[in-house]
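Contents: one structure, followed by commentary.
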Amino acid sequence: MQQIDCPWCGKRNETEFSCGGELISRPQDALGADDKAWTDYLYFRTNTKGVHTEVWRHTFGCRQWFKAERNTLTHQVVNTRKLSEETGEGHGDHG
Amino acid sequence: MPDTVSTGLRRTSPLARYWQGADAARMSAGAVSVEELPFQGVIRLQRREATSAFMNSVADILGAEAPVDPNTCAGESPACLWAAPNEWLLVTAPDKDRALAIALQQRLDEALPGETVAVALLSDARAVLKISGAAARDLLAKGCSLDLDPGQFSYGKCAATLLEQVPVTLYPMANESAYCLMVDRSYAAFIWDWLAHAMREFGEAAKSPDGVSS
């Protein structure tokens with residue numbers, strides 16, 4: 001059990017959250033995108049070993065989606081930030 | 001007393017089977033007591049973006065600013081709870097909810113013509129409980145992972161969280177060691193039974209909680 005730092009609510013028990021999988025982006029030009037772009041978007045993931053970025057949701061709190069960097073080896077969530085925050089140090093203290 | 005709405009249907013508390021002839025469900029054990037606050041008004045207010053025109057209109061009707069800091073609440077009747085970014089829950093006395101919802105909708109329609117604002121009456125979808133007494137915090141801590149220490153969670157704070165795996169909204173009430181607990185109607189009986197069982201360690205039941213096998 002760990003606590004995850006919701007960008008709005010602060011640290012809460014992991015049981016309040018759900019994982020939405022790896023952070024992916026939809027093809028910007030939906031009509032112009034070819035089959036390969038759609039296939040990549042729909043079916044292929046990097047399946048990183050180590051720290052990668054996922055989307056998580058504070059389902060039983062403020063119900064907001066946010067980005068979380070999680071280590072897939074240890075399951076430790078090391079950083080969280082709002083979806084609107086592209087770069088930066090992330091939110092709060094992650095000790 | 002059961003309230004009647006315009007349909008003529010009788011309004012029934014989700015905890016009516018625990019009323020035992022009284023006007024609300026109540027139970028206590030030692031230094032903790034749990035009381036249903038029947039037919040409390042609950043209104044959900046949402047907008048995509050909380051512009052100043054929106055916030056000012058809401059403040060006009062509520063008489064206080066809607067809180068913008070996460071997990072804080074303001075006022076008492078109605079209490080205005082931050083529920084999510086650009087979303088609030090208003091908790092009113094029984095029978096004050098409908099008028100408040102209509103007043104809000106009208107004021108917001110005038111201030112923001114043609115724009116979408118959601119004012120939803122949730123009163124009949126929630127059960128509201130008051131948990132009070134010296135052991136109230138210990139009782140809640142048996143099923144809730146929130147830090148309930150008064151230094152962290154005192155009057156003016158609120159939280160949506162889990163109590164015994166049930167989604168609830170919880171906030172400390174003013175001027176007393178009491179908490180207000182809101183739970184979805186269909187979970188109310190489960191939470192009541194869980195509280196009845198969990199509170200036993202705090203003392204002899206002053207009144208035998210119904211519906212719990214001993």
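Residue numbering restarts at 1 for every chain of the structure tokens, chains are lettered A, B, ... in their displayed order, and ligands are numbered from 1 as they appear.
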
Residue list for chain B near chain A as number ranges by chain, 12 Å, only C-alpha atoms: B: 68-72, 81-89, 144-147, 152, 157-170

When you look at Ala68 of chain A with a cut-off of 8 Å (counting only C-alpha atoms), what residues show up, excluding the ones that are within fewer than 5 positions of it in the same chain? I need them as a PyMOL selection string. chain A and resi 53-56+77-81

Considering only C-alpha atoms, state which residue in the set B:Ala74, B:Met199, B:Val183, B:Ala50 is at the smallest distance from Leu139 of chain B.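 Among the listed residues, B:Met199 lies closest to Leu139 of chain B.
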
So which one's closest to Asp109 of chain B, B:Ala188, B:Ala53, B:Ala16, B:Ala93? Using only C-alpha atoms, please.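 So, comparing all the options, the nearest one is B:Ala53.
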
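Here the DSSP assignment of helix (DSSP H, G or I), based on backbone atoms, applies within segment 12-89 of chain A to A:Glu14, A:Thr15, A:Glu16, A:Asp35, A:Lys36, A:Ala37, A:Trp38, A:Thr39, A:Asp40, A:Tyr41, A:Leu42, A:Tyr43.
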
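Nearest to Ala134 of chain B of all the residues B:Thr92, B:Thr116, B:Ser28, B:Ser13 is B:Ser28, counting only C-alpha atoms.
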
For Gln106 of chain B: contacts at 12 Å, only C-alpha atoms, fewer than 2 positions along chain excluded, given as a list of chain:residue names: B:Ser57, B:Val58, B:Asp60, B:Ile61, B:Ala99, B:Leu100, B:Ala101, B:Ile102, B:Ala103, B:Leu104, B:Leu108, B:Asp109, B:Glu110, B:Ala111, B:Leu112, B:Pro113, B:Val117, B:Ala118, B:Val119

If we count only C-alpha atoms, what is near segment 35-38 of chain B at a cut-off of 10 Å, once residues fewer than 5 positions away on the same chain are taken out, given as a PyMOL selection string? chain B and resi 1-2+12-16+18-19+23-28+93-94+123-124+126-132+180-182+188+192

Name the residues in contact with Ser177 of chain B at a cut-off of 10 Å, using only C-alpha atoms, excluding same-chain residues fewer than 2 positions from it; report them as a PDB file with N, CA, C and O atoms, in the first residue's frame.
ATOM      1  N   ILE B 131     -22.023  12.244  13.143  1.00  0.00           N
ATOM      2  CA  ILE B 131     -21.307  11.344  14.051  1.00  0.00           C
ATOM      3  C   ILE B 131     -20.617  12.222  15.078  1.00  0.00           C
ATOM      4  O   ILE B 131     -19.781  13.060  14.724  1.00  0.00           O
ATOM      5  N   SER B 132     -20.990  12.080  16.340  1.00  0.00           N
ATOM      6  CA  SER B 132     -20.498  13.024  17.343  1.00  0.00           C
ATOM      7  C   SER B 132     -20.021  12.299  18.594  1.00  0.00           C
ATOM      8  O   SER B 132     -20.269  11.115  18.783  1.00  0.00           O
ATOM      9  N   GLY B 133     -19.320  13.057  19.428  1.00  0.00           N
ATOM     10  CA  GLY B 133     -18.824  12.519  20.688  1.00  0.00           C
ATOM     11  C   GLY B 133     -17.319  12.363  20.654  1.00  0.00           C
ATOM     12  O   GLY B 133     -16.677  12.441  19.602  1.00  0.00           O
ATOM     13  N   ALA B 134     -16.741  12.141  21.846  1.00  0.00           N
ATOM     14  CA  ALA B 134     -15.288  12.098  21.988  1.00  0.00           C
ATOM     15  C   ALA B 134     -14.654  11.005  21.132  1.00  0.00           C
ATOM     16  O   ALA B 134     -13.515  11.127  20.689  1.00  0.00           O
ATOM     17  N   ALA B 135     -15.395   9.924  20.884  1.00  0.00           N
ATOM     18  CA  ALA B 135     -14.824   8.803  20.130  1.00  0.00           C
ATOM     19  C   ALA B 135     -15.198   8.840  18.649  1.00  0.00           C
ATOM     20  O   ALA B 135     -14.927   7.886  17.916  1.00  0.00           O
ATOM     21  N   ALA B 136     -15.798   9.946  18.199  1.00  0.00           N
ATOM     22  CA  ALA B 136     -16.254  10.015  16.802  1.00  0.00           C
ATOM     23  C   ALA B 136     -15.103   9.787  15.831  1.00  0.00           C
ATOM     24  O   ALA B 136     -15.225   9.057  14.843  1.00  0.00           O
ATOM     25  N   ARG B 137     -13.975  10.415  16.153  1.00  0.00           N
ATOM     26  CA  ARG B 137     -12.816  10.312  15.252  1.00  0.00           C
ATOM     27  C   ARG B 137     -12.283   8.875  15.218  1.00  0.00           C
ATOM     28  O   ARG B 137     -11.950   8.355  14.150  1.00  0.00           O
ATOM     29  N   PRO B 150      -7.187  16.605  14.173  1.00  0.00           N
ATOM     30  CA  PRO B 150      -7.767  17.957  14.062  1.00  0.00           C
ATOM     31  C   PRO B 150      -6.797  18.970  13.452  1.00  0.00           C
ATOM     32  O   PRO B 150      -7.235  19.968  12.854  1.00  0.00           O
ATOM     33  N   SER B 154     -10.049  19.783  10.267  1.00  0.00           N
ATOM     34  CA  SER B 154     -10.882  20.474  11.250  1.00  0.00           C
ATOM     35  C   SER B 154     -11.988  21.206  10.501  1.00  0.00           C
ATOM     36  O   SER B 154     -12.066  21.151   9.264  1.00  0.00           O
ATOM     37  N   TYR B 155     -12.832  21.903  11.240  1.00  0.00           N
ATOM     38  CA  TYR B 155     -13.936  22.640  10.622  1.00  0.00           C
ATOM     39  C   TYR B 155     -13.391  23.573   9.530  1.00  0.00           C
ATOM     40  O   TYR B 155     -12.415  24.285   9.744  1.00  0.00           O
ATOM     41  N   PRO B 172     -15.899  17.955   9.070  1.00  0.00           N
ATOM     42  CA  PRO B 172     -16.116  18.265  10.484  1.00  0.00           C
ATOM     43  C   PRO B 172     -17.150  19.388  10.596  1.00  0.00           C
ATOM     44  O   PRO B 172     -17.136  20.331   9.802  1.00  0.00           O
ATOM     45  N   MET B 173     -18.038  19.280  11.585  1.00  0.00           N
ATOM     46  CA  MET B 173     -19.066  20.304  11.774  1.00  0.00           C
ATOM     47  C   MET B 173     -18.536  21.392  12.713  1.00  0.00           C
ATOM     48  O   MET B 173     -17.577  21.184  13.449  1.00  0.00           O
ATOM     49  N   ALA B 174     -19.189  22.536  12.695  1.00  0.00           N
ATOM     50  CA  ALA B 174     -18.709  23.689  13.467  1.00  0.00           C
ATOM     51  C   ALA B 174     -18.939  23.495  14.965  1.00  0.00           C
ATOM     52  O   ALA B 174     -19.945  22.918  15.378  1.00  0.00           O
ATOM     53  N   ASN B 175     -18.016  23.968  15.753  1.00  0.00           N
ATOM     54  CA  ASN B 175     -18.212  24.142  17.205  1.00  0.00           C
ATOM     55  C   ASN B 175     -18.514  22.881  17.995  1.00  0.00           C
ATOM     56  O   ASN B 175     -19.054  22.944  19.075  1.00  0.00           O
ATOM     57  N   TYR B 179     -18.838  15.092  13.100  1.00  0.00           N
ATOM     58  CA  TYR B 179     -18.572  15.020  11.664  1.00  0.00           C
ATOM     59  C   TYR B 179     -19.887  14.813  10.938  1.00  0.00           C
ATOM     60  O   TYR B 179     -20.779  14.132  11.432  1.00  0.00           O
TER      61      TYR B 179
END
